[in-house]
Each structure stands twice: as C-alpha cells, then as structure tokens.
Amino acid sequence: MTDLPQPAVAVVPVPAKVRNQWWDVWAQFRSHKGAVFGLGFLIFITLFVTIGPWLWTVEPGKLDIRNKDVRPIYQVLFDSNANVSWNHPMGTDNLGRDIMANIMQGGRISLAVGWTAMVLAVFIGTLVGVLAGYFRKADGLLMRFTDLVLALPLLPLLLVMMLLFRDPLRASFGPENGIFILIVVGIGITSWMQTARIVRGDVMALKEREFVLAARSIGTPSRRIITRHLLPNVLSPIMVSATLGLATAIITESALSFLGLGFPSDFPTWGKILFDSVDRMTAFPERVIWPGLAISLTVLAVNYIGDGLRDALDPKIRGL
Amino acid sequence: MLDQTVKPLVRVRDLKMHFPIHAGLLRRRVGEVKAVDGVSFDVMEGETLGLVGESGCGKSTCGRALLRLYDITSGDITIDGHNIATMSQNKLRPLRPTMQMVFQDPQASLNPRMTVEAIIREPLDEHTSLSAEEKRDKVAALMDAVGLNRKFAKRYPHAFSGGQRQRIGIARALALNPKFIVCDEPIAALDVSIQAQVVNLLEDLQEQFGLTYLFISHDLSMVRHIATRVAVMYLGKIAELAPREALYRDPLHPYTKALLSAVPEPDPDLARSTERVILKGDVPSPSNPPKGCNFCTRCPAVMDICKQIDPEYRQVQPGRFVACHLFNETTTTAG
C-alpha cells in the first residue's frame, strides 16, 4: 500500500524541454474520429485522381462503341447474364467510355475548381469582412457593396459572364485553362459574401475586447493587430465557411456544366458525368452513383476535417 | 510629496473626452456623452495617484484617454516632457514604451489564442530588435519578477487563475521598462485574498523599477493602502484631489465625505457611533449633466449658487484641490 504513491510521482516527469505545440494540435485532431476519417478519405480521393490515371491507363475520352453500356463488375452478383468486363470495372457509358477513367479525370478538374474557387472566395470574404469590421470608415461602403452582390441573381450573372468572357479567355489561355480561370473566378467572386458578413460581425465584437486595446496601448500597428489578434480569433467561422464553400463550388461547377456553359463537352468533371447520366438513371444507376458518391463524400470529408481543425486550433478545447 | 523639486511626470490639463450620440434615420449627431469633462491633475515621479469614484463616473475613460487609446476631444496631456494630446498614433508609437496599462478584466485583456510567452513578448516584438534567444530570456525574467513559474510560458491564458492572469498582464506592461503605468481597476475582478497579493506585487515592482502609477479603483480602502495622493471623480470631473492622509482624515468636498462614510468600519462600536452620509437619488446622465455643479442634485450642502455656476477647481490649501462653492474665498471666511 505504501508503495502506491511512489510510482504516481515517478510517472509525472517534469519536461525539460517544452514540446512543440503542433503536436498538441495533431493530438487533438486525432481525437476527432470524423476528422480522421475525413482526412483519410480526402487523401485517398486525391491520390485516386492524381496517381490513378498513371496506373489505370485507359484514355477517358476514348470511344469504344463495341463495349458500350458495360455494367459495373458487381452487377454479376445480382444478374449472371449482365454485360460485365474486368477491362471496365466500373462499367462504360453509352459511348463506350470507361467510367473509372472518367471519374479520375473528372475528379482532377472538380477538386481543382472546388479548392481554388473556395480559397479565392474565402480570401475575398475575409479581406472584405476584416476591413469592414475594423475600419469604421470602410464599413458602410464595403457592406453596401456586399449587399449589392448578394442581391444579384447569381446563376444568370454567371451565365452572362460565361457568354461574355469565354471566347477572349479561351483565345489567350487555351480552351481548358481559359474555362478553368473563368469558372474559378466566376464562382469565387459570387460566393464570398456570407464569409464577409460573418467575419465582419466577429471582428467588430473582437476589436472592442480589452486585449485589442492592450495591443494598441503597446503601440501595435493596425495591420499587426489584425494578423496577430483578430484573424486567429475569427478562424472558426472562416473555417466553417471554407468547408461549406468547397461544397458549393463543386456543386455550382456541376450546375454550370449541366447548363452547357462549363467545360467543353469532351472534358469530364464529376458534375458533368452526373448530369450526362441523369437521362438513363433508371437503367444505369451506377453512372449517377459513382460521381454523386465522389462529390458527397469529398464534401463530407472536408466538412469533418474543418470541424476537427477548428477544435484542434482552439487552445480551450485542446485543453492546454 | 508636495515638494516643489519633485517634477510631475504626467501633466493633464482640462482633459475632455466626449463621445458623440448618433440617433435617428440619418444617424445625425444629437448629443454627446461627457465621459470626461475638463479634468486636470499632475502625477509626480515615483508616486501613486489614486483615482476613485463610483461606476460610470469616467475613471476608466480618463485612464484610457490619458494614454491616447481614444482620440481626445480637447485638453493637454504631457507625459515625460512630450505633449501627446494631438500627436498622431504613428508619432506616438516610439513614446509608447514609457507608458503602459494594466487592464481591469484579466480574462478579456489576454488574447486566448496566444501563449503566455507570446503575450509577454508582444511589446518586445514591437519595440525592440532583440534576438529570439534574448527575448525568451527577458520573458522568463519578467515572469520571475511577477511571480509566475517560467515553466508555464507555453500555456494559454485560460489555464490560469484570475490572479495569475493579472500577473501576466502586469508582466506585459513591464516588458518595455515603462516609467508610467495606468492601472485600470487591476484588482476589481479578483478575490480579496488575491487582491492583496496583486497590490503587494504592484508595490514591490514600483520600488524595484521606480514606477509611477495612476491607480484607478472604486475600492477606497485599497486606494488608501497604495496611493500617495487621491483624486475623487464625480460625473466626469474631479471633485477633490488631496494627499492620502489629509483626504481620509479631513475630506473637504461633500461628495468625498459621503464616499468615505460608505467605507465599512470594522469596529462595531465605532460603526454604530459614526454618522453615515447617505446620498439620495441617482447619478445624473453624463449626456445631460445638471446646470451648475455636477453634484448639486444630490449634495447635502447645496446652495443656490451651486445650481447656477459650475464651481472652479482650485487649490484651497497647499496641495489640496477642491471644486466646490463651499470653499470660495467669501464662504470659507464666513463658515
């Protein structure tokens, strides 16, 4: 009995060197199961679309009319007469294009558009929000501008942008890059407003807190008050709008492709594959399920990662 | 203390801080809150000037305006020979190290996303070009000076108790070796047992580093303990300013008398025998102060002149300043 307290004392050694805080962030992140699954899936899907085409060397746009309408390999479990082939494990579409190769190629475009547009939207939104919240003089002008953009009907606006700028951008950057820039910029500059409003509100509340006043009494200039004191404290809402923004960007791109104003027709994206297959959804459900699953799982994964990151970056939740 | 050879470190003359009130559809300016309305005092080098008054009388605003955390409406502020009243924030920046502030709420005055080390290091980052190693040493030395374990440097503010947080705030204020520190109710949010520790720490540091304090508080006993001179504020103005002993022994202004009679007396016999001055009514709104003397609506010794003319703030005895018509030359001889 008397021995018991001794090991307890020995178990708590005084750390000679303080450990890096990022290890604590990682430890907290790991404790969020959803976030870990999300991160795992995101890594998987990213590798799938980047390294996949090197391993699965089927040309996504190659027409093979003799092998059209091949069902996915698992179909043989329900129907022994199904037209399946190990050459096309996810099946082919009505023109004989391999669906797996299309999903890989489409994922590259969808993820690139989603991430870039989201980063652009969050950047503009945070910039506008912080400026409007911190500088009283800029507030009226910036927020009325935000309201103005918010009041515009976005889809028609995007369509007009596509019609106006598609050809000049194609001419100067090539057909794929031109459209990519157009879509990313289009989505980015039409989805920053929510972020701006949330960030502005939070900044306005924060800048009256005493620690900002303390920074001012030290003589910290405004730009460093913003980067050192305000931005880290509005990280949570920014993170939430970023994860939601990624989802919106992928879906908006799908909608544009569906309307025929996104990427050219021989250029697959997840949204485009999905919408191309809607007509024959009852006969070939897998053609909708694959891209749909890819979109929803990616969005879900990013949402969970955002959730986990937000917790991990908050020292109060991290329990330090 | 009143020795003429001691030169004032801080000199405030007729400081006014009015906040505009906007109302209506067009957000037109309909009036102003006169939070600080013509305050003048000196803080001598090495002394502690206590600034007391009830809630909302403008103590904190006065302290903040003094460090130019607000753009003041009018008046003169001279700190260490520099007139900072109308200086731009950029020009003021190099002078910031001389004057620092300790805040009231130790929870709100520390950034929850920064480690203790980063918080104390911030002034060093802003004003010095020390290497990372030197900064770490300096932060550790400051933590020693305020009685914090240096092993806690990598922790976040929420892991500390109120008293420890206030020590972090004090360490941050000390980082640049200031001459003048405004302590804005540094003990109001703390437990009584911790209050004594923090006040003793402030006194020790004053001795060690030769600091000058403006100690803002509503706790009269604590001010009596720490201050060398005491200024009493009422509704944006100073009612009375006097050396500590004189003020507590023989208050002149009726408001000071009322305030001091509200201090609890630990001896029950004495408490029963002393008569308390109980004020009636509420403090008038600082956006609409009464005509004449600010205190005329509640003063037990009010006269006709009080409701007409604002009493001048002047020296009535050596080192004692009062703003009250009772001490006009004519009435003092009469009474």
# chains A, B, ... in the order shown; residues from 1 in each chain; ligands from 1
>>> interface_residues(of="chain B", to="chain A", cutoff="10 Å", atoms="only C-alpha atoms", output="PDB file with N, CA and C atoms, in the first residue's frame")
ATOM      1  N   ARG B  64      -7.800  55.739 -20.039  1.00  0.00           N
ATOM      2  CA  ARG B  64      -7.543  55.347 -21.430  1.00  0.00           C
ATOM      3  C   ARG B  64      -7.248  56.553 -22.304  1.00  0.00           C
ATOM      4  N   LEU B  67      -3.678  57.726 -22.142  1.00  0.00           N
ATOM      5  CA  LEU B  67      -2.699  57.000 -22.960  1.00  0.00           C
ATOM      6  C   LEU B  67      -3.043  57.097 -24.437  1.00  0.00           C
ATOM      7  N   ARG B  68      -3.986  57.973 -24.755  1.00  0.00           N
ATOM      8  CA  ARG B  68      -4.393  58.176 -26.146  1.00  0.00           C
ATOM      9  C   ARG B  68      -4.902  56.890 -26.796  1.00  0.00           C
ATOM     10  N   LEU B  69      -5.621  56.069 -26.009  1.00  0.00           N
ATOM     11  CA  LEU B  69      -6.294  54.940 -26.631  1.00  0.00           C
ATOM     12  C   LEU B  69      -7.561  55.437 -27.305  1.00  0.00           C
ATOM     13  N   TYR B  70      -7.973  56.640 -26.936  1.00  0.00           N
ATOM     14  CA  TYR B  70      -9.053  57.322 -27.632  1.00  0.00           C
ATOM     15  C   TYR B  70      -8.479  58.598 -28.222  1.00  0.00           C
ATOM     16  N   GLN B  89      -1.070  58.781 -34.092  1.00  0.00           N
ATOM     17  CA  GLN B  89      -0.730  57.484 -33.489  1.00  0.00           C
ATOM     18  C   GLN B  89       0.642  57.001 -33.955  1.00  0.00           C
ATOM     19  N   ASN B  90       1.010  57.348 -35.186  1.00  0.00           N
ATOM     20  CA  ASN B  90       2.315  56.923 -35.689  1.00  0.00           C
ATOM     21  C   ASN B  90       3.460  57.591 -34.946  1.00  0.00           C
ATOM     22  N   LEU B  92       3.228  58.766 -32.011  1.00  0.00           N
ATOM     23  CA  LEU B  92       3.117  58.377 -30.611  1.00  0.00           C
ATOM     24  C   LEU B  92       3.811  57.047 -30.358  1.00  0.00           C
ATOM     25  N   ARG B  93       3.900  56.232 -31.403  1.00  0.00           N
ATOM     26  CA  ARG B  93       4.390  54.869 -31.264  1.00  0.00           C
ATOM     27  C   ARG B  93       5.736  54.768 -30.556  1.00  0.00           C
ATOM     28  N   PRO B  94       6.741  55.547 -30.944  1.00  0.00           N
ATOM     29  CA  PRO B  94       8.031  55.443 -30.239  1.00  0.00           C
ATOM     30  C   PRO B  94       7.945  55.836 -28.767  1.00  0.00           C
ATOM     31  N   LEU B  95       6.903  56.598 -28.381  1.00  0.00           N
ATOM     32  CA  LEU B  95       6.774  57.013 -26.971  1.00  0.00           C
ATOM     33  C   LEU B  95       6.002  55.988 -26.143  1.00  0.00           C
ATOM     34  N   ARG B  96       5.361  55.038 -26.815  1.00  0.00           N
ATOM     35  CA  ARG B  96       4.537  54.060 -26.109  1.00  0.00           C
ATOM     36  C   ARG B  96       5.275  53.306 -24.997  1.00  0.00           C
ATOM     37  N   PRO B  97       6.552  52.936 -25.202  1.00  0.00           N
ATOM     38  CA  PRO B  97       7.237  52.206 -24.132  1.00  0.00           C
ATOM     39  C   PRO B  97       7.240  52.918 -22.779  1.00  0.00           C
ATOM     40  N   THR B  98       7.201  54.246 -22.756  1.00  0.00           N
ATOM     41  CA  THR B  98       7.204  54.959 -21.467  1.00  0.00           C
ATOM     42  C   THR B  98       5.938  54.744 -20.679  1.00  0.00           C
ATOM     43  N   MET B  99       4.825  54.536 -21.394  1.00  0.00           N
ATOM     44  CA  MET B  99       3.544  54.480 -20.682  1.00  0.00           C
ATOM     45  C   MET B  99       2.830  53.190 -21.038  1.00  0.00           C
ATOM     46  N   GLN B 100       2.420  52.462 -20.041  1.00  0.00           N
ATOM     47  CA  GLN B 100       1.757  51.189 -20.277  1.00  0.00           C
ATOM     48  C   GLN B 100       0.509  51.123 -19.418  1.00  0.00           C
ATOM     49  N   MET B 101      -0.246  50.048 -19.629  1.00  0.00           N
ATOM     50  CA  MET B 101      -1.529  49.952 -18.935  1.00  0.00           C
ATOM     51  C   MET B 101      -1.758  48.523 -18.441  1.00  0.00           C
ATOM     52  N   VAL B 102      -2.347  48.411 -17.266  1.00  0.00           N
ATOM     53  CA  VAL B 102      -2.794  47.113 -16.753  1.00  0.00           C
ATOM     54  C   VAL B 102      -4.317  47.174 -16.731  1.00  0.00           C
ATOM     55  N   PHE B 103      -4.958  46.159 -17.294  1.00  0.00           N
ATOM     56  CA  PHE B 103      -6.397  46.253 -17.505  1.00  0.00           C
ATOM     57  C   PHE B 103      -7.200  45.610 -16.387  1.00  0.00           C
ATOM     58  N   GLN B 104      -8.497  45.940 -16.417  1.00  0.00           N
ATOM     59  CA  GLN B 104      -9.379  45.503 -15.342  1.00  0.00           C
ATOM     60  C   GLN B 104      -9.676  44.009 -15.403  1.00  0.00           C
ATOM     61  N   ASP B 105     -10.126  43.555 -16.572  1.00  0.00           N
ATOM     62  CA  ASP B 105     -10.590  42.180 -16.662  1.00  0.00           C
ATOM     63  C   ASP B 105      -9.446  41.306 -17.162  1.00  0.00           C
ATOM     64  N   PRO B 106      -8.847  40.517 -16.286  1.00  0.00           N
ATOM     65  CA  PRO B 106      -7.673  39.763 -16.718  1.00  0.00           C
ATOM     66  C   PRO B 106      -8.025  38.678 -17.732  1.00  0.00           C
ATOM     67  N   GLN B 107      -9.302  38.326 -17.823  1.00  0.00           N
ATOM     68  CA  GLN B 107      -9.714  37.343 -18.823  1.00  0.00           C
ATOM     69  C   GLN B 107      -9.756  37.975 -20.209  1.00  0.00           C
ATOM     70  N   ALA B 108     -10.373  39.146 -20.290  1.00  0.00           N
ATOM     71  CA  ALA B 108     -10.569  39.775 -21.601  1.00  0.00           C
ATOM     72  C   ALA B 108      -9.308  40.454 -22.113  1.00  0.00           C
ATOM     73  N   SER B 109      -8.353  40.740 -21.239  1.00  0.00           N
ATOM     74  CA  SER B 109      -7.210  41.512 -21.696  1.00  0.00           C
ATOM     75  C   SER B 109      -6.074  40.641 -22.216  1.00  0.00           C
ATOM     76  N   LEU B 110      -6.281  39.318 -22.236  1.00  0.00           N
ATOM     77  CA  LEU B 110      -5.266  38.435 -22.809  1.00  0.00           C
ATOM     78  C   LEU B 110      -5.872  37.698 -23.996  1.00  0.00           C
ATOM     79  N   ASN B 111      -5.157  37.694 -25.100  1.00  0.00           N
ATOM     80  CA  ASN B 111      -5.639  37.024 -26.302  1.00  0.00           C
ATOM     81  C   ASN B 111      -5.683  35.516 -26.068  1.00  0.00           C
ATOM     82  N   PRO B 112      -6.888  34.906 -26.160  1.00  0.00           N
ATOM     83  CA  PRO B 112      -6.989  33.472 -25.841  1.00  0.00           C
ATOM     84  C   PRO B 112      -6.203  32.570 -26.782  1.00  0.00           C
ATOM     85  N   ARG B 113      -5.799  33.089 -27.928  1.00  0.00           N
ATOM     86  CA  ARG B 113      -5.088  32.246 -28.905  1.00  0.00           C
ATOM     87  C   ARG B 113      -3.580  32.390 -28.808  1.00  0.00           C
ATOM     88  N   MET B 114      -3.087  33.162 -27.844  1.00  0.00           N
ATOM     89  CA  MET B 114      -1.643  33.327 -27.735  1.00  0.00           C
ATOM     90  C   MET B 114      -1.138  32.688 -26.454  1.00  0.00           C
ATOM     91  N   THR B 115       0.059  32.124 -26.507  1.00  0.00           N
ATOM     92  CA  THR B 115       0.635  31.569 -25.295  1.00  0.00           C
ATOM     93  C   THR B 115       1.113  32.722 -24.407  1.00  0.00           C
ATOM     94  N   ILE B 119       2.315  36.513 -25.401  1.00  0.00           N
ATOM     95  CA  ILE B 119       1.650  37.718 -24.894  1.00  0.00           C
ATOM     96  C   ILE B 119       2.674  38.669 -24.287  1.00  0.00           C
ATOM     97  N   GLU B 122       5.002  40.290 -26.906  1.00  0.00           N
ATOM     98  CA  GLU B 122       4.486  41.205 -27.927  1.00  0.00           C
ATOM     99  C   GLU B 122       5.106  42.603 -27.864  1.00  0.00           C
ATOM    100  N   PRO B 123       5.174  43.240 -26.684  1.00  0.00           N
ATOM    101  CA  PRO B 123       5.815  44.566 -26.664  1.00  0.00           C
ATOM    102  C   PRO B 123       7.275  44.521 -27.118  1.00  0.00           C
ATOM    103  N   LEU B 124       7.961  43.421 -26.800  1.00  0.00           N
ATOM    104  CA  LEU B 124       9.366  43.307 -27.218  1.00  0.00           C
ATOM    105  C   LEU B 124       9.443  43.176 -28.738  1.00  0.00           C
ATOM    106  N   ASP B 125       8.497  42.423 -29.311  1.00  0.00           N
ATOM    107  CA  ASP B 125       8.473  42.285 -30.771  1.00  0.00           C
ATOM    108  C   ASP B 125       8.251  43.631 -31.438  1.00  0.00           C
ATOM    109  N   GLU B 126       7.417  44.445 -30.790  1.00  0.00           N
ATOM    110  CA  GLU B 126       7.048  45.703 -31.429  1.00  0.00           C
ATOM    111  C   GLU B 126       8.125  46.773 -31.303  1.00  0.00           C
ATOM    112  N   HIS B 127       8.839  46.767 -30.190  1.00  0.00           N
ATOM    113  CA  HIS B 127       9.697  47.922 -29.922  1.00  0.00           C
ATOM    114  C   HIS B 127      11.183  47.617 -29.789  1.00  0.00           C
ATOM    115  N   LYS B 151       8.011  27.750 -16.241  1.00  0.00           N
ATOM    116  CA  LYS B 151       7.621  26.543 -16.985  1.00  0.00           C
ATOM    117  C   LYS B 151       6.267  26.715 -17.664  1.00  0.00           C
ATOM    118  N   PHE B 152       5.502  27.721 -17.214  1.00  0.00           N
ATOM    119  CA  PHE B 152       4.164  27.913 -17.780  1.00  0.00           C
ATOM    120  C   PHE B 152       4.173  28.752 -19.041  1.00  0.00           C
ATOM    121  N   ALA B 153       5.356  29.071 -19.560  1.00  0.00           N
ATOM    122  CA  ALA B 153       5.438  30.024 -20.673  1.00  0.00           C
ATOM    123  C   ALA B 153       4.666  29.584 -21.904  1.00  0.00           C
ATOM    124  N   LYS B 154       4.567  28.275 -22.104  1.00  0.00           N
ATOM    125  CA  LYS B 154       3.916  27.798 -23.335  1.00  0.00           C
ATOM    126  C   LYS B 154       2.431  27.528 -23.140  1.00  0.00           C
ATOM    127  N   ARG B 155       1.913  27.896 -21.979  1.00  0.00           N
ATOM    128  CA  ARG B 155       0.483  27.629 -21.767  1.00  0.00           C
ATOM    129  C   ARG B 155      -0.361  28.799 -22.227  1.00  0.00           C
ATOM    130  N   TYR B 156      -1.656  28.538 -22.313  1.00  0.00           N
ATOM    131  CA  TYR B 156      -2.588  29.559 -22.789  1.00  0.00           C
ATOM    132  C   TYR B 156      -3.301  30.200 -21.599  1.00  0.00           C
ATOM    133  N   PRO B 157      -3.786  31.448 -21.775  1.00  0.00           N
ATOM    134  CA  PRO B 157      -4.345  32.187 -20.636  1.00  0.00           C
ATOM    135  C   PRO B 157      -5.469  31.463 -19.904  1.00  0.00           C
ATOM    136  N   HIS B 158      -6.284  30.682 -20.633  1.00  0.00           N
ATOM    137  CA  HIS B 158      -7.444  30.098 -19.949  1.00  0.00           C
ATOM    138  C   HIS B 158      -7.032  29.069 -18.896  1.00  0.00           C
ATOM    139  N   ALA B 159      -5.766  28.644 -18.937  1.00  0.00           N
ATOM    140  CA  ALA B 159      -5.313  27.652 -17.967  1.00  0.00           C
ATOM    141  C   ALA B 159      -4.894  28.295 -16.647  1.00  0.00           C
ATOM    142  N   GLY B 169      -0.688  40.053 -17.237  1.00  0.00           N
ATOM    143  CA  GLY B 169      -0.947  41.411 -17.741  1.00  0.00           C
ATOM    144  C   GLY B 169       0.080  42.408 -17.215  1.00  0.00           C
ATOM    145  N   ARG B 172       3.386  41.921 -18.991  1.00  0.00           N
ATOM    146  CA  ARG B 172       3.348  42.533 -20.330  1.00  0.00           C
ATOM    147  C   ARG B 172       3.562  44.047 -20.234  1.00  0.00           C
ATOM    148  N   ALA B 173       2.925  44.664 -19.221  1.00  0.00           N
ATOM    149  CA  ALA B 173       3.083  46.112 -19.083  1.00  0.00           C
ATOM    150  C   ALA B 173       4.517  46.480 -18.709  1.00  0.00           C
ATOM    151  N   ALA B 175       7.243  44.929 -19.679  1.00  0.00           N
ATOM    152  CA  ALA B 175       8.253  44.424 -20.606  1.00  0.00           C
ATOM    153  C   ALA B 175       9.159  45.511 -21.169  1.00  0.00           C
ATOM    154  N   LEU B 176       8.636  46.691 -21.364  1.00  0.00           N
ATOM    155  CA  LEU B 176       9.437  47.729 -22.026  1.00  0.00           C
ATOM    156  C   LEU B 176      10.043  48.723 -21.040  1.00  0.00           C
TER     157      LEU B 176
END
>>> residues_around(residues="region 170-185 of chain A", least_positions_apart="6", cutoff="10 Å", atoms="only C-alpha atoms", output="VMD selection string")
chain A and resid 109 112 to 121 158 161 to 162 249 252 to 253 256 261 to 264 267
>>> select_by_dssp(residues="region 209-261 of chain A", states="alpha helix (DSSP H)", output="PyMOL selection string")
chain A and resi 210-218+222-225+231-233+235-258
>>> select_by_dssp(residues="region 219-311 of chain B", states="strand (DSSP E)", output="list in words")
Arg229, Val230, Ala231, Val232, Met233, Tyr234, Lys237, Ile238, Ala239, Glu240, Leu241, Ala242 and Pro243 of chain B
>>> write_last_selection(atoms="C-alpha atoms", output="PDB file, in the first residue's frame")
ATOM      1  CA  ARG B 229      -2.360  61.182  -3.352  1.00  0.00           C
ATOM      2  CA  VAL B 230      -6.001  60.572  -4.175  1.00  0.00           C
ATOM      3  CA  ALA B 231      -8.301  62.192  -6.716  1.00  0.00           C
ATOM      4  CA  VAL B 232     -12.046  61.755  -6.365  1.00  0.00           C
ATOM      5  CA  MET B 233     -14.076  61.884  -9.559  1.00  0.00           C
ATOM      6  CA  TYR B 234     -17.761  62.551  -9.938  1.00  0.00           C
ATOM      7  CA  LYS B 237     -14.929  65.886 -13.198  1.00  0.00           C
ATOM      8  CA  ILE B 238     -12.519  65.812 -10.312  1.00  0.00           C
ATOM      9  CA  ALA B 239     -14.311  66.802  -7.127  1.00  0.00           C
ATOM     10  CA  GLU B 240     -11.314  66.742  -4.848  1.00  0.00           C
ATOM     11  CA  LEU B 241      -7.628  65.936  -5.044  1.00  0.00           C
ATOM     12  CA  ALA B 242      -5.543  65.716  -1.887  1.00  0.00           C
ATOM     13  CA  PRO B 243      -2.711  63.823  -0.221  1.00  0.00           C
TER      14      PRO B 243
END
>>> residues_around(residues="Ser296 (chain A)", least_positions_apart="6", cutoff="12 Å", atoms="only C-alpha atoms", output="list in words")
Gly38, Phe41, Leu42, Ile45, Leu244, Leu246, Ala247, Thr248, Ile250, Ile251, Trp270, Gly271, Val288, Ile289, Trp290, Val302 and Asn303 of chain A
>>> residues_around(residues="Val322 (chain B)", least_positions_apart="2", cutoff="7 Å", atoms="only C-alpha atoms", output="PyMOL selection string")
chain B and resi 239-241+253+313-316+320+324
>>> atom_distance(atom1="CA of Asn94 (chain A)", atom2="CA of Leu55 (chain A)")
24.1 Å
>>> closest_residue(among="B:Val302, B:Leu205, B:Val199, B:Leu190", to="Gly46 (chain B)", atoms="only C-alpha atoms")
B:Leu205
>>> residues_around(residues="Ala188 (chain B)", least_positions_apart="5", cutoff="12 Å", atoms="only C-alpha atoms", output="NGL selection string")
:B and (55 or 102-106 or 162-163 or 166 or 183 or 194-196 or 198-199 or 215-220 or 222-223)
>>> atom_distance(atom1="CA of Cys62 (chain B)", atom2="CA of Met17 (chain B)")
7.8 Å
>>> closest_residue(among="B:Gly63, B:Gly292, B:Ser221, B:Glu117", to="Val139 (chain B)", atoms="only C-alpha atoms")
B:Glu117
>>> closest_residue(among="A:Leu159, A:Leu231, A:Ala205, A:Ile124", to="Trp192 (chain A)", atoms="only C-alpha atoms")
A:Ile124
>>> residues_around(residues="region 274-284 of chain B", least_positions_apart="5", cutoff="9 Å", atoms="only C-alpha atoms", output="ChimeraX atom specification")
/B:56-57,234-235,255,257-262,269,289-290,294-295,297-300
>>> closest_residue(among="A:Gly186, A:Ser241, A:Ser222, A:Val76", to="Leu155 (chain A)", atoms="only C-alpha atoms")
A:Gly186
>>> residues_around(residues="region 56-60 of chain A", least_positions_apart="4", cutoff="9 Å", atoms="only C-alpha atoms", output="JSON, numbers by chain")
{"A": [51, 52, 97, 98, 99, 100, 101, 102, 103, 104, 105, 268]}
>>> closest_residue(among="B:Val10, B:Ala140, B:Leu51, B:Cys306", to="Ala85 (chain B)", atoms="only C-alpha atoms")
B:Val10
